[in-house]
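Raw entry-v7.cif, mmCIF, C-alpha atoms and all ligand atoms:
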```cif
data_final
loop_
_atom_site.label_atom_id
_atom_site.label_comp_id
_atom_site.auth_asym_id
_atom_site.auth_seq_id
_atom_site.Cartn_x
_atom_site.Cartn_y
_atom_site.Cartn_z
CA MET A 94 44.19 126.87 251.19
CA LYS A 95 47.98 127.04 251.03
CA ILE A 96 49.57 124.71 248.52
CA LEU A 97 53.22 123.80 247.95
CA VAL A 98 54.47 122.26 244.71
CA ILE A 99 57.81 120.48 244.97
CA GLY A 100 60.05 120.57 241.91
CA GLY A 101 61.14 123.00 239.26
CA GLY A 102 60.62 121.43 235.84
CA GLY A 103 58.05 121.54 233.07
CA ARG A 104 55.76 119.09 234.84
CA GLU A 105 55.77 121.24 237.96
CA HIS A 106 55.06 124.36 235.94
CA ALA A 107 52.02 122.62 234.43
CA LEU A 108 50.84 121.46 237.88
CA ALA A 109 51.35 124.92 239.40
CA TRP A 110 49.63 126.60 236.43
CA LYS A 111 46.60 124.38 236.95
CA LEU A 112 46.57 124.58 240.76
CA ALA A 113 46.77 128.38 240.62
CA GLN A 114 43.47 128.40 238.69
CA SER A 115 41.63 126.71 241.55
CA PRO A 116 39.35 128.94 243.62
CA ARG A 117 40.40 126.74 246.56
CA CYS A 118 44.03 127.88 246.26
CA THR A 119 44.66 131.06 248.22
CA LYS A 120 48.46 130.88 248.26
CA LEU A 121 50.73 128.82 246.04
CA TYR A 122 54.40 128.14 246.73
CA ALA A 123 56.92 126.16 244.70
CA ALA A 124 60.23 124.75 245.88
CA PRO A 125 62.47 125.49 244.12
CA GLY A 126 60.25 126.43 241.16
CA ASN A 127 61.57 128.20 238.08
CA PRO A 128 60.96 131.55 236.34
CA GLY A 129 57.85 130.21 234.58
CA ILE A 130 56.41 128.90 237.82
CA ALA A 131 57.19 132.27 239.40
CA GLN A 132 54.44 133.77 237.21
CA VAL A 133 51.83 131.78 239.18
CA ALA A 134 53.49 130.91 242.50
CA GLN A 135 55.95 132.21 245.05
CA CYS A 136 59.20 130.31 244.56
CA VAL A 137 61.24 129.42 247.64
CA PRO A 138 64.90 128.41 247.29
CA ILE A 139 64.65 124.90 248.75
CA GLY A 140 65.82 122.00 246.61
CA SER A 141 63.36 119.22 245.82
CA ASP A 142 65.67 116.68 247.52
CA ASP A 143 66.04 118.70 250.73
CA ILE A 144 63.33 116.87 252.66
CA ASP A 145 64.31 118.42 256.03
CA GLY A 146 64.18 121.91 254.55
CA LEU A 147 60.85 121.26 252.82
CA LEU A 148 59.33 119.83 255.98
CA LYS A 149 60.47 122.78 258.03
CA PHE A 150 59.02 125.20 255.48
CA ALA A 151 55.69 123.34 255.24
CA LYS A 152 55.31 123.32 259.03
CA ALA A 153 56.27 126.98 259.42
CA GLU A 154 53.91 128.13 256.64
CA LYS A 155 51.14 125.72 257.70
CA ILE A 156 50.86 124.29 254.19
CA ASP A 157 47.52 122.53 253.71
CA LEU A 158 48.51 120.44 250.70
CA THR A 159 51.90 119.52 249.24
CA VAL A 160 52.14 118.14 245.71
CA VAL A 161 55.34 116.30 244.80
CA GLY A 162 56.41 116.54 241.16
CA PRO A 163 59.63 114.51 240.77
CA GLU A 164 60.36 110.93 241.74
CA ARG A 165 63.47 111.40 243.82
CA PRO A 166 61.89 112.86 246.96
CA LEU A 167 59.12 110.23 246.69
CA ILE A 168 61.66 107.41 246.50
CA ALA A 169 63.52 108.98 249.43
CA GLY A 170 60.34 108.87 251.54
CA ILE A 171 59.11 112.48 251.63
CA VAL A 172 55.48 111.36 251.91
CA ASP A 173 56.14 109.27 255.03
CA ARG A 174 58.02 112.16 256.64
CA PHE A 175 55.27 114.72 255.91
CA GLU A 176 52.49 112.37 257.03
CA ALA A 177 54.35 111.58 260.28
CA ALA A 178 54.33 115.34 260.92
CA GLY A 179 50.58 115.50 260.28
CA LEU A 180 50.89 117.25 256.91
CA ARG A 181 48.78 116.40 253.86
CA ILE A 182 50.87 115.44 250.85
CA PHE A 183 50.02 113.93 247.47
CA GLY A 184 52.12 110.95 246.38
CA PRO A 185 53.02 107.38 247.31
CA GLY A 186 54.99 106.48 250.41
CA LYS A 187 58.55 105.20 250.27
CA GLU A 188 57.65 101.51 250.02
CA ALA A 189 55.20 102.02 247.15
CA ALA A 190 57.51 104.47 245.34
CA GLN A 191 59.82 101.50 244.75
CA VAL A 192 57.56 100.81 241.80
CA GLU A 193 59.73 103.44 240.11
CA GLY A 194 62.78 103.42 242.41
CA SER A 195 63.67 99.79 241.82
CA LYS A 196 62.98 98.21 238.46
CA ALA A 197 63.93 94.87 240.00
CA TRP A 198 61.22 95.24 242.72
CA SER A 199 58.69 96.53 240.23
CA LYS A 200 59.32 93.64 237.86
CA ALA A 201 59.01 91.16 240.75
CA VAL A 202 55.59 92.56 241.73
CA MET A 203 54.53 92.47 238.08
CA SER A 204 55.46 88.84 237.80
CA HIS A 205 53.75 87.84 241.10
CA SER A 206 50.65 89.73 239.94
CA ALA A 207 50.63 88.38 236.37
CA VAL A 208 50.90 91.89 234.92
CA PRO A 209 51.89 91.54 231.25
CA THR A 210 55.43 92.83 230.72
CA ALA A 211 58.61 91.95 228.83
CA GLU A 212 60.43 88.77 229.91
CA PHE A 213 63.29 89.83 232.12
CA ARG A 214 66.18 88.87 234.38
CA ALA A 215 67.79 91.04 237.05
CA PHE A 216 71.53 90.82 237.81
CA THR A 217 73.74 92.30 240.51
CA ARG A 218 76.93 90.75 239.09
CA MET A 219 78.31 92.04 235.83
CA ALA A 220 79.79 88.70 234.75
CA GLU A 221 76.40 87.02 235.02
CA ALA A 222 74.72 89.78 233.04
CA LEU A 223 77.34 89.45 230.28
CA HIS A 224 76.99 85.68 230.28
CA TYR A 225 73.22 86.01 229.87
CA ILE A 226 73.74 88.28 226.86
CA ASP A 227 76.14 85.73 225.29
CA ASN A 228 73.29 83.22 225.30
CA HIS A 229 70.64 85.55 223.88
CA GLU A 230 70.85 86.60 220.27
CA GLU A 231 67.45 88.29 220.11
CA PRO A 232 67.25 92.10 220.60
CA LEU A 233 67.53 93.04 224.28
CA VAL A 234 66.90 96.09 226.42
CA VAL A 235 69.38 96.80 229.23
CA LYS A 236 68.29 99.03 232.13
CA ALA A 237 69.93 100.39 235.25
CA SER A 238 67.71 99.06 238.03
CA GLY A 239 67.61 102.32 239.99
CA GLU A 240 66.17 105.66 239.05
CA ALA A 241 68.06 107.43 236.23
CA ALA A 242 65.78 110.25 235.03
CA GLY A 243 64.65 108.16 232.05
CA LYS A 244 68.19 107.88 230.73
CA GLY A 245 69.38 104.53 232.11
CA VAL A 246 67.69 102.47 229.40
CA PHE A 247 69.48 101.06 226.35
CA VAL A 248 67.39 99.57 223.57
CA CYS A 249 69.98 97.38 221.85
CA LYS A 250 70.07 95.97 218.34
CA THR A 251 73.09 93.70 218.82
CA GLN A 252 74.71 91.66 221.57
CA ASP A 253 77.71 94.00 221.41
CA GLU A 254 75.47 96.98 222.13
CA ALA A 255 73.93 95.10 225.06
CA ARG A 256 77.37 94.22 226.48
CA ARG A 257 78.46 97.83 226.14
CA ALA A 258 75.30 98.99 227.96
CA VAL A 259 76.03 96.64 230.88
CA GLU A 260 79.54 98.10 231.10
CA ILE A 261 78.28 101.68 231.04
CA ILE A 262 75.81 100.92 233.82
CA MET A 263 77.76 98.50 236.05
CA LYS A 264 81.44 99.23 235.39
CA GLU A 265 81.54 102.91 234.47
CA LYS A 266 78.65 103.60 236.86
CA ALA A 267 77.23 106.25 234.56
CA PHE A 268 74.11 106.32 236.75
CA GLY A 269 75.89 105.90 240.08
CA PRO A 270 74.42 103.37 242.53
CA SER A 271 71.33 103.08 240.31
CA GLY A 272 73.58 100.76 238.32
CA ASP A 273 74.34 98.34 241.17
CA ALA A 274 71.83 96.06 239.48
CA VAL A 275 70.74 95.75 235.86
CA VAL A 276 67.54 94.44 234.39
CA ILE A 277 67.80 92.78 230.98
CA GLU A 278 64.57 92.43 229.06
CA GLU A 279 63.25 91.08 225.80
CA ARG A 280 62.66 93.93 223.37
CA LEU A 281 58.97 94.57 222.74
CA THR A 282 57.68 96.04 219.49
CA GLY A 283 54.62 98.18 218.96
CA GLU A 284 53.51 101.70 219.72
CA GLU A 285 53.98 103.22 223.17
CA ALA A 286 51.46 105.04 225.32
CA SER A 287 51.54 106.65 228.74
CA ILE A 288 48.70 105.81 231.07
CA LEU A 289 48.36 108.01 234.14
CA ALA A 290 45.95 106.89 236.82
CA LEU A 291 44.89 108.30 240.16
CA VAL A 292 44.96 105.65 242.85
CA ASP A 293 43.44 105.82 246.33
CA ASP A 294 43.02 103.05 248.88
CA ALA A 295 40.04 101.54 247.05
CA ASN A 296 39.81 103.04 243.56
CA ILE A 297 41.71 103.57 240.31
CA TYR A 298 40.77 106.43 237.98
CA MET A 299 42.54 106.65 234.61
CA LEU A 300 43.29 110.07 233.19
CA GLU A 301 43.09 110.68 229.44
CA SER A 302 45.77 108.80 227.50
CA SER A 303 48.95 110.38 226.18
CA GLN A 304 52.07 109.51 224.23
CA ASP A 305 55.64 110.55 224.94
CA HIS A 306 58.57 110.74 222.51
CA LYS A 307 61.56 109.31 224.38
CA ALA A 308 64.28 109.34 221.73
CA ALA A 309 66.31 112.51 221.21
CA PHE A 310 65.85 112.78 217.43
CA ASP A 311 63.11 112.53 214.81
CA ASN A 312 61.79 109.10 213.86
CA ASP A 313 62.67 107.80 217.32
CA GLN A 314 66.39 107.87 216.58
CA GLY A 315 69.21 108.57 219.01
CA PRO A 316 69.57 108.08 222.75
CA ASN A 317 66.67 107.99 225.20
CA THR A 318 65.85 111.23 227.00
CA GLY A 319 63.41 112.18 229.74
CA GLY A 320 60.91 112.89 226.92
CA MET A 321 61.03 115.26 223.93
CA GLY A 322 57.32 115.89 223.50
CA ALA A 323 53.90 114.47 224.24
CA TYR A 324 50.29 114.73 223.20
CA SER A 325 46.92 113.71 224.57
CA PRO A 326 44.78 111.79 223.77
CA ALA A 327 46.80 109.00 222.10
CA PRO A 328 44.67 107.35 219.38
CA VAL A 329 46.61 104.09 219.80
CA VAL A 330 44.75 103.75 223.12
CA THR A 331 41.31 102.82 221.84
CA ASP A 332 38.49 102.27 224.33
CA ALA A 333 39.09 98.53 224.12
CA ILE A 334 42.85 98.90 224.77
CA GLN A 335 42.14 101.28 227.63
CA ALA A 336 39.79 98.79 229.25
CA GLN A 337 42.38 96.06 228.78
CA ILE A 338 45.10 98.20 230.40
CA ASP A 339 42.81 98.85 233.36
CA ARG A 340 41.87 95.20 233.78
CA GLU A 341 45.17 93.50 233.00
CA ILE A 342 47.76 96.04 234.17
CA LEU A 343 46.48 98.64 236.65
CA VAL A 344 44.09 96.54 238.73
CA PRO A 345 46.46 93.59 239.31
CA MET A 346 49.45 95.88 239.91
CA VAL A 347 47.69 98.03 242.49
CA HIS A 348 46.41 94.89 244.16
CA GLY A 349 49.88 93.31 243.96
CA MET A 350 51.51 96.26 245.70
CA LYS A 351 48.93 96.03 248.49
CA THR A 352 49.73 92.35 248.90
CA GLU A 353 53.45 93.22 249.13
CA GLY A 354 52.66 95.53 252.05
CA ALA A 355 53.26 98.61 249.90
CA PRO A 356 49.81 100.04 249.13
CA TYR A 357 49.91 102.76 246.48
CA ARG A 358 48.29 106.15 246.76
CA GLY A 359 48.88 109.01 244.35
CA LEU A 360 49.44 109.15 240.63
CA LEU A 361 50.58 105.88 239.07
CA TYR A 362 52.11 106.11 235.61
CA ALA A 363 52.18 103.01 233.44
CA GLY A 364 54.41 103.15 230.37
CA VAL A 365 52.79 100.67 228.02
CA MET A 366 53.76 99.10 224.70
CA VAL A 367 50.70 98.24 222.62
CA THR A 368 52.01 95.06 220.99
CA ALA A 369 50.36 92.65 218.56
CA GLY A 370 49.68 90.51 221.63
CA GLY A 371 48.00 93.32 223.58
CA PRO A 372 49.29 96.02 225.93
CA LYS A 373 52.42 95.18 227.90
CA THR A 374 54.03 97.20 230.66
CA LEU A 375 57.40 98.85 230.02
CA GLU A 376 57.66 100.52 233.40
CA PHE A 377 55.76 102.17 236.21
CA ASN A 378 56.50 105.64 237.53
CA ALA A 379 55.38 107.04 240.86
CA ARG A 380 54.40 110.51 239.59
CA PHE A 381 53.02 112.48 236.67
CA GLY A 382 54.94 112.07 233.42
CA ASP A 383 57.08 114.90 232.15
CA PRO A 384 56.18 116.11 229.49
CA GLU A 385 52.87 114.14 229.46
CA CYS A 386 51.62 116.28 232.36
CA GLN A 387 51.75 119.44 230.22
CA PRO A 388 49.14 118.48 227.56
CA ILE A 389 47.08 116.65 230.18
CA MET A 390 46.87 119.69 232.47
CA MET A 391 45.93 121.81 229.48
CA ARG A 392 43.00 119.48 228.77
CA LEU A 393 41.82 118.99 232.37
CA LYS A 394 38.78 121.14 233.11
CA SER A 395 38.12 119.90 236.65
CA ASP A 396 39.64 121.65 239.65
CA LEU A 397 42.95 119.89 240.29
CA VAL A 398 42.83 120.69 244.01
CA GLU A 399 39.55 118.82 244.34
CA VAL A 400 40.89 115.92 242.32
CA LEU A 401 44.00 115.54 244.50
CA GLU A 402 41.93 115.87 247.66
CA ALA A 403 39.58 113.13 246.45
CA VAL A 404 42.61 110.82 246.31
CA LEU A 405 43.76 111.78 249.81
CA ASP A 406 40.24 111.28 251.19
CA ASN A 407 39.64 107.99 249.32
CA ARG A 408 36.72 109.52 247.44
CA LEU A 409 37.84 108.83 243.87
CA ASP A 410 34.62 106.90 243.25
CA GLN A 411 32.65 110.07 243.92
CA ILE A 412 34.26 112.36 241.35
CA THR A 413 34.09 112.63 237.56
CA LEU A 414 36.93 114.32 235.73
CA GLU A 415 35.97 116.77 233.01
CA TRP A 416 38.17 117.10 229.96
CA ASP A 417 38.49 119.50 227.08
CA PRO A 418 37.76 117.18 224.14
CA ARG A 419 40.33 119.01 222.02
CA PRO A 420 43.79 117.43 221.73
CA ALA A 421 46.82 119.11 223.27
CA LEU A 422 50.46 118.73 222.36
CA CYS A 423 53.78 119.69 223.94
CA VAL A 424 57.07 120.06 222.09
CA VAL A 425 60.17 120.16 224.27
CA MET A 426 62.86 122.68 223.33
CA ALA A 427 66.15 121.30 224.64
CA SER A 428 69.72 122.51 224.86
CA GLY A 429 71.76 121.23 221.89
CA GLY A 430 73.65 118.11 222.99
CA TYR A 431 71.04 116.90 225.52
CA PRO A 432 70.82 114.15 226.83
CA ASP A 433 74.62 114.14 226.71
CA LYS A 434 76.74 117.22 227.36
CA TYR A 435 75.18 120.61 226.76
CA GLU A 436 75.82 124.24 227.63
CA LYS A 437 73.68 126.42 229.89
CA GLY A 438 73.26 130.15 230.26
CA LYS A 439 72.00 130.99 226.75
CA GLU A 440 69.57 133.88 226.61
CA ILE A 441 66.03 132.94 225.57
CA THR A 442 64.02 135.46 223.52
CA GLY A 443 60.49 135.47 222.14
CA LEU A 444 58.83 133.96 225.22
CA ALA A 445 56.26 136.74 225.55
CA GLU A 446 55.38 136.62 221.87
CA ALA A 447 54.96 132.82 221.91
CA GLY A 448 53.00 132.89 225.18
CA ALA A 449 50.56 135.44 223.75
CA MET A 450 49.57 133.14 220.89
CA LYS A 451 46.09 131.68 220.95
CA ASP A 452 45.75 128.46 222.95
CA VAL A 453 49.49 128.25 223.62
CA VAL A 454 51.21 127.95 227.00
CA VAL A 455 54.99 127.92 227.24
CA PHE A 456 55.91 125.83 230.27
CA HIS A 457 59.38 126.42 231.66
CA ALA A 458 61.62 123.46 232.53
CA GLY A 459 65.33 124.32 232.73
CA THR A 460 65.38 128.11 232.83
CA LYS A 461 66.69 130.82 235.14
CA ALA A 462 66.05 134.54 235.41
CA GLU A 463 68.78 137.16 235.72
CA GLY A 464 68.56 140.90 235.31
CA GLY A 465 65.07 140.72 233.83
CA LYS A 466 66.13 138.20 231.18
CA ILE A 467 65.56 134.44 230.93
CA PHE A 468 68.43 132.02 230.28
CA THR A 469 68.69 128.28 229.62
CA ASP A 470 69.57 126.29 232.73
CA GLY A 471 69.01 122.61 231.93
CA GLY A 472 68.75 119.93 229.27
CA ARG A 473 65.06 120.27 228.68
CA VAL A 474 64.46 124.02 228.61
CA LEU A 475 60.83 124.67 227.61
CA GLY A 476 57.65 122.71 226.94
CA VAL A 477 55.79 124.62 224.26
CA THR A 478 52.23 123.39 224.58
CA ALA A 479 49.15 124.09 222.47
CA ILE A 480 45.58 122.92 222.21
CA GLY A 481 43.64 122.79 218.93
CA GLN A 482 40.44 121.60 217.27
CA ASP A 483 42.36 118.55 216.13
CA ILE A 484 45.85 117.20 216.69
CA THR A 485 47.15 118.81 213.47
CA GLN A 486 46.02 122.25 214.60
CA ALA A 487 47.49 121.72 218.07
CA ARG A 488 50.77 120.67 216.48
CA ASP A 489 50.85 123.60 214.05
CA ARG A 490 50.20 126.04 216.88
CA ALA A 491 52.98 124.57 219.02
CA TYR A 492 55.51 124.74 216.18
CA GLU A 493 54.43 128.26 215.28
CA ALA A 494 55.12 129.28 218.88
CA ILE A 495 58.51 127.54 218.74
CA ASN A 496 59.40 129.60 215.69
CA ALA A 497 58.99 132.73 217.80
CA ILE A 498 61.40 131.47 220.50
CA HIS A 499 65.16 131.60 220.14
CA PHE A 500 68.20 130.50 222.08
CA HIS A 501 71.63 129.42 220.90
CA HIS A 502 71.87 125.76 219.86
CA ALA A 503 68.20 124.99 220.61
CA HIS A 504 67.11 121.49 219.65
CA TRP A 505 63.62 120.04 219.27
CA ARG A 506 61.98 117.16 217.47
CA THR A 507 59.96 118.16 214.44
CA ASP A 508 57.76 115.04 214.39
CA ILE A 509 55.79 115.20 217.64
CA ALA A 510 52.42 113.45 217.11
CA ALA A 511 53.38 112.20 213.63
CA LYS A 512 52.23 108.71 214.66
CA ALA A 513 48.82 109.99 215.78
CA ILE A 514 48.38 112.04 212.62
CA ARG A 515 49.25 108.99 210.47
CA ARG A 516 46.86 106.81 212.48
CA LEU A 517 43.99 109.28 212.11
CA ALA A 518 44.61 109.98 208.40
P1 LIG B 1 61.59 102.76 230.78
O1 LIG B 1 62.24 103.89 231.50
O2 LIG B 1 61.80 101.42 231.38
O3 LIG B 1 60.17 103.00 230.36
O4 LIG B 1 62.29 102.74 229.36
C1 LIG B 1 62.39 103.92 228.60
C2 LIG B 1 62.05 103.64 227.15
O5 LIG B 1 62.85 102.60 226.63
C3 LIG B 1 60.62 103.17 226.95
O6 LIG B 1 59.72 104.24 226.91
C4 LIG B 1 60.76 102.48 225.62
O7 LIG B 1 60.82 103.41 224.55
C5 LIG B 1 62.09 101.82 225.73
N1 LIG B 1 61.94 100.46 226.28
C6 LIG B 1 62.02 100.11 227.58
N2 LIG B 1 61.81 98.79 227.74
C7 LIG B 1 61.60 98.27 226.52
C8 LIG B 1 61.33 96.96 226.01
N3 LIG B 1 61.27 95.90 226.82
N4 LIG B 1 61.15 96.82 224.70
C9 LIG B 1 61.24 97.89 223.87
N5 LIG B 1 61.50 99.15 224.27
C10 LIG B 1 61.68 99.36 225.57
N1 LIG B 2 58.07 111.22 230.04
C1 LIG B 2 58.44 110.04 230.69
C2 LIG B 2 58.50 110.14 232.14
O1 LIG B 2 58.03 111.09 232.73
O2 LIG B 2 59.02 109.23 232.75
#
```

Let me see the structure of the file written as structure tokens.
Amino acid sequence: MKILVIGGGGREHALAWKLAQSPRCTKLYAAPGNPGIAQVAQCVPIGSDDIDGLLKFAKAEKIDLTVVGPERPLIAGIVDRFEAAGLRIFGPGKEAAQVEGSKAWSKAVMSHSAVPTAEFRAFTRMAEALHYIDNHEEPLVVKASGEAAGKGVFVCKTQDEARRAVEIIMKEKAFGPSGDAVVIEERLTGEEASILALVDDANIYMLESSQDHKAAFDNDQGPNTGGMGAYSPAPVVTDAIQAQIDREILVPMVHGMKTEGAPYRGLLYAGVMVTAGGPKTLEFNARFGDPECQPIMMRLKSDLVEVLEAVLDNRLDQITLEWDPRPALCVVMASGGYPDKYEKGKEITGLAEAGAMKDVVVFHAGTKAEGGKIFTDGGRVLGVTAIGQDITQARDRAYEAINAIHFHHAHWRTDIAAKAIRRLA
């Protein structure tokens, strides 16, 4: 069968890498892909937001299954467009993708459905948001309501920081129209986990747990990024916590979206804070996490094509996912300066050496190829991913591979999985 992956980041490389291993996949395309993806798929120069172009390509090539990586085409309604044209595509429709596309909508469904989450208020007027902050001395989190690639969230220690965040979002419009509304939340404390679940019309199937590292620098310092590293499984998600997340968060949310007339189908990502009072939802995303997808794909033994088809055919209750019991871990190598300003076009060396190491896969995110060489081309450049007998071995392998890779002004966190290693010690 002919498969098309939409996107060109680390998550899409991991998806393409896994799809290419399926005996069911006879031809794999990626739009636009990247030089890493090009090792396993034919890349076509169509942007992931160019829905008309993607639709035309999928029709012309008679694509049997399209897999959407990033949120933007989902929020823009790519699934509805493909389905109207009779094409099979994995992901939620436009209405349901609001779970990520509008934090205000998502929060409203959570509150109607009694899904545990931080107390919140949504504002479309800046003066009202500032007034609310004046009356709240406790630590607050200020978020652009629309999609902002994980960067529109400000975890604030002081009221001044919260006021400044509102200005950045609503006055300076740092995230464009995504900042037409802000959500202001109580700040939750605890350890975070990412819960990815497959959802069809009647079933929910949780994947193995994972944990992201959102802050740019070690010890969770610095600004939020799209994610600087991830590992799976996350020991903070015990069996009991996992059951609680299923029962208290996923089931009511999926039901709530149905009730809103926006039934969800695809991969639902719940960002959860495991607090002293139990797991609480930070956010939902409408797609695989990036970089969580990288360690998860490395651990998945089942055929991903069959898994995605089970969702599209509402057969999730008939499949059992098989996992490599060994932990996997991804460290993101980023361009120095990310998530703020950074330079592109730096030559990357050592990729072949790192990729040849045992149980290591170097997923490409922001890279480009020119004249037989690979150059940096984005904030997050590579996702160096390794699997090991235990999380310490997986970590050591990933960092050993990183030591083989070089580009000017490379930045990575040195403490990926430190929380898990402390917890297991
Ligand atoms: P979001 O995109 O909404 O998940 O927010 C990105 C990150 O900001 C989360 O992964 C958390 O690290 C942090 N965050 C978001 N909301 C809260 C909250 N209510 N309390 C504490 N931290 C939060
Ligand atoms: N890694 C966080 C996300 O994909 O949203």

Got a sec: who's within 9 Å of Phe377 of chain A, counting all atoms listed in the file, leaving out chain neighbours fewer than 6 positions off, as a ChimeraX atom specification? /A:192-193,196,199,361-365

Segment 265-270 of chain A environment, 12 Å, all atoms listed in the file, sequence neighbours closer than 6 positions dropped, as a PyMOL selection string: chain A and resi 194-195+217+219+236-246+257-259+433

Go through A:Ala458, A:Leu289, A:Val477, A:Leu375 one by one, measure the shortest atom-to-atom distance of each to Pro125 of chain A using all atoms listed in the file, and give the residue with the smallest value. A:Ala458

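Nearest-residue note for ligand LIG 1 (chain B): choosing from A:Asp483, A:Asp470, A:Glu212, A:Glu399, the minimum distance belongs to A:Glu212, counting only C-alpha atoms and all ligand atoms.
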
Check every protein, DNA and RNA residue against ligand LIG 2 (chain B), keep those with an atom at most 12 Å away (counting all atoms listed in the file), and present them as a VMD selection string. chain A and resid 102 to 105 162 to 164 193 to 194 240 to 246 285 to 289 303 to 308 317 to 324 360 to 365 375 to 388 423 to 425 473 476

List every protein, DNA or RNA residue that has an atom no more than 12 Å from (56.2, 137.4, 219.6) in the file's coordinate frame, counting all atoms listed in the file, and report them as a compact mmCIF listing (two decimals) with C-alpha atoms, in the coordinates of the input.
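selection-v5.txt, freshly written:
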```txt
# COMPACT_ATOMS: atom_id res chain seq x y z
CA THR A 442 64.02 135.46 223.52
CA GLY A 443 60.49 135.47 222.14
CA LEU A 444 58.83 133.96 225.22
CA ALA A 445 56.26 136.74 225.55
CA GLU A 446 55.38 136.62 221.87
CA ALA A 447 54.96 132.82 221.91
CA GLY A 448 53.00 132.89 225.18
CA ALA A 449 50.56 135.44 223.75
CA MET A 450 49.57 133.14 220.89
CA LYS A 451 46.09 131.68 220.95
CA GLU A 493 54.43 128.26 215.28
CA ALA A 494 55.12 129.28 218.88
CA ILE A 495 58.51 127.54 218.74
CA ASN A 496 59.40 129.60 215.69
CA ALA A 497 58.99 132.73 217.80
CA ILE A 498 61.40 131.47 220.50
CA HIS A 499 65.16 131.60 220.14
```

Residues around (55.5, 106.4, 247.3), cut-off 9 Å, counting only C-alpha atoms - what are they as a PyMOL selection string? chain A and resi 164+167-173+184-193+355-359+379-380

Option closest in space to ligand LIG 1 (chain B), from A:Ala177, A:Ala107, A:Ala211, A:Ala290 [counting all atoms listed in the file]: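 Of the candidates, the smallest distance to ligand LIG 1 (chain B) is held by A:Ala211.
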
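Here atom CA of Gly272 of chain A and atom CA of Gly472 of chain A stand 21.7 Å from one another.
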
Please enclose the listed atoms of ligand LIG 1 (chain B) in an axis-aligned box, pad each side by 4 Å, and write out the centre and the three edge lengths in Å, rounded to one decimal, as lines of an AutoDock Vina configuration file.
```
center_x = 61.3
center_y = 100.1
center_z = 227.7
size_x = 11.1
size_y = 16.3
size_z = 15.6
```

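Between Val400 of chain A and the residues A:Leu414, A:Ala427, A:Val367, A:Leu300, the shortest atom-to-atom distance, using all atoms listed in the file, involves A:Leu414.
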
Would you mind reading off the distance between atom CA of Pro326 of chain A and atom CA of Arg340 of chain A, one decimal, in Å?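 Between these atoms lies a distance of 19.6 Å.
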
Could you pull the residues within 10 Å of His205 of chain A, counting only C-alpha atoms, minus those fewer than 5 positions along the same chain, as a PyMOL selection string? chain A and resi 200+345-346+349-350+352-353

Go ahead and save the picked residues with C-alpha atoms, as a PDB file, in the frame of the given file.
```
ATOM      1  CA  LYS A 200      59.320  93.640 237.860  1.00  0.00           C
ATOM      2  CA  PRO A 345      46.460  93.590 239.310  1.00  0.00           C
ATOM      3  CA  MET A 346      49.450  95.880 239.910  1.00  0.00           C
ATOM      4  CA  GLY A 349      49.880  93.310 243.960  1.00  0.00           C
ATOM      5  CA  MET A 350      51.510  96.260 245.700  1.00  0.00           C
ATOM      6  CA  THR A 352      49.730  92.350 248.900  1.00  0.00           C
ATOM      7  CA  GLU A 353      53.450  93.220 249.130  1.00  0.00           C
TER       8      GLU A 353
END
```

Just to confirm, what's the straight-line distance from atom CA of Thr368 of chain A to atom CA of Met299 of chain A in Å (one decimal)? 20.2 Å

Pick from A:Asn127, A:Thr331, A:Thr119, A:Gln314: nearest to ligand LIG 1 (chain B), with all atoms listed in the file counted?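 Closest candidate: A:Gln314.
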
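Of the listed residues (A:Trp505, A:Phe247, A:Tyr122, A:Phe150), A:Phe247 comes nearest to ligand LIG 1 (chain B); the distances count all atoms listed in the file.
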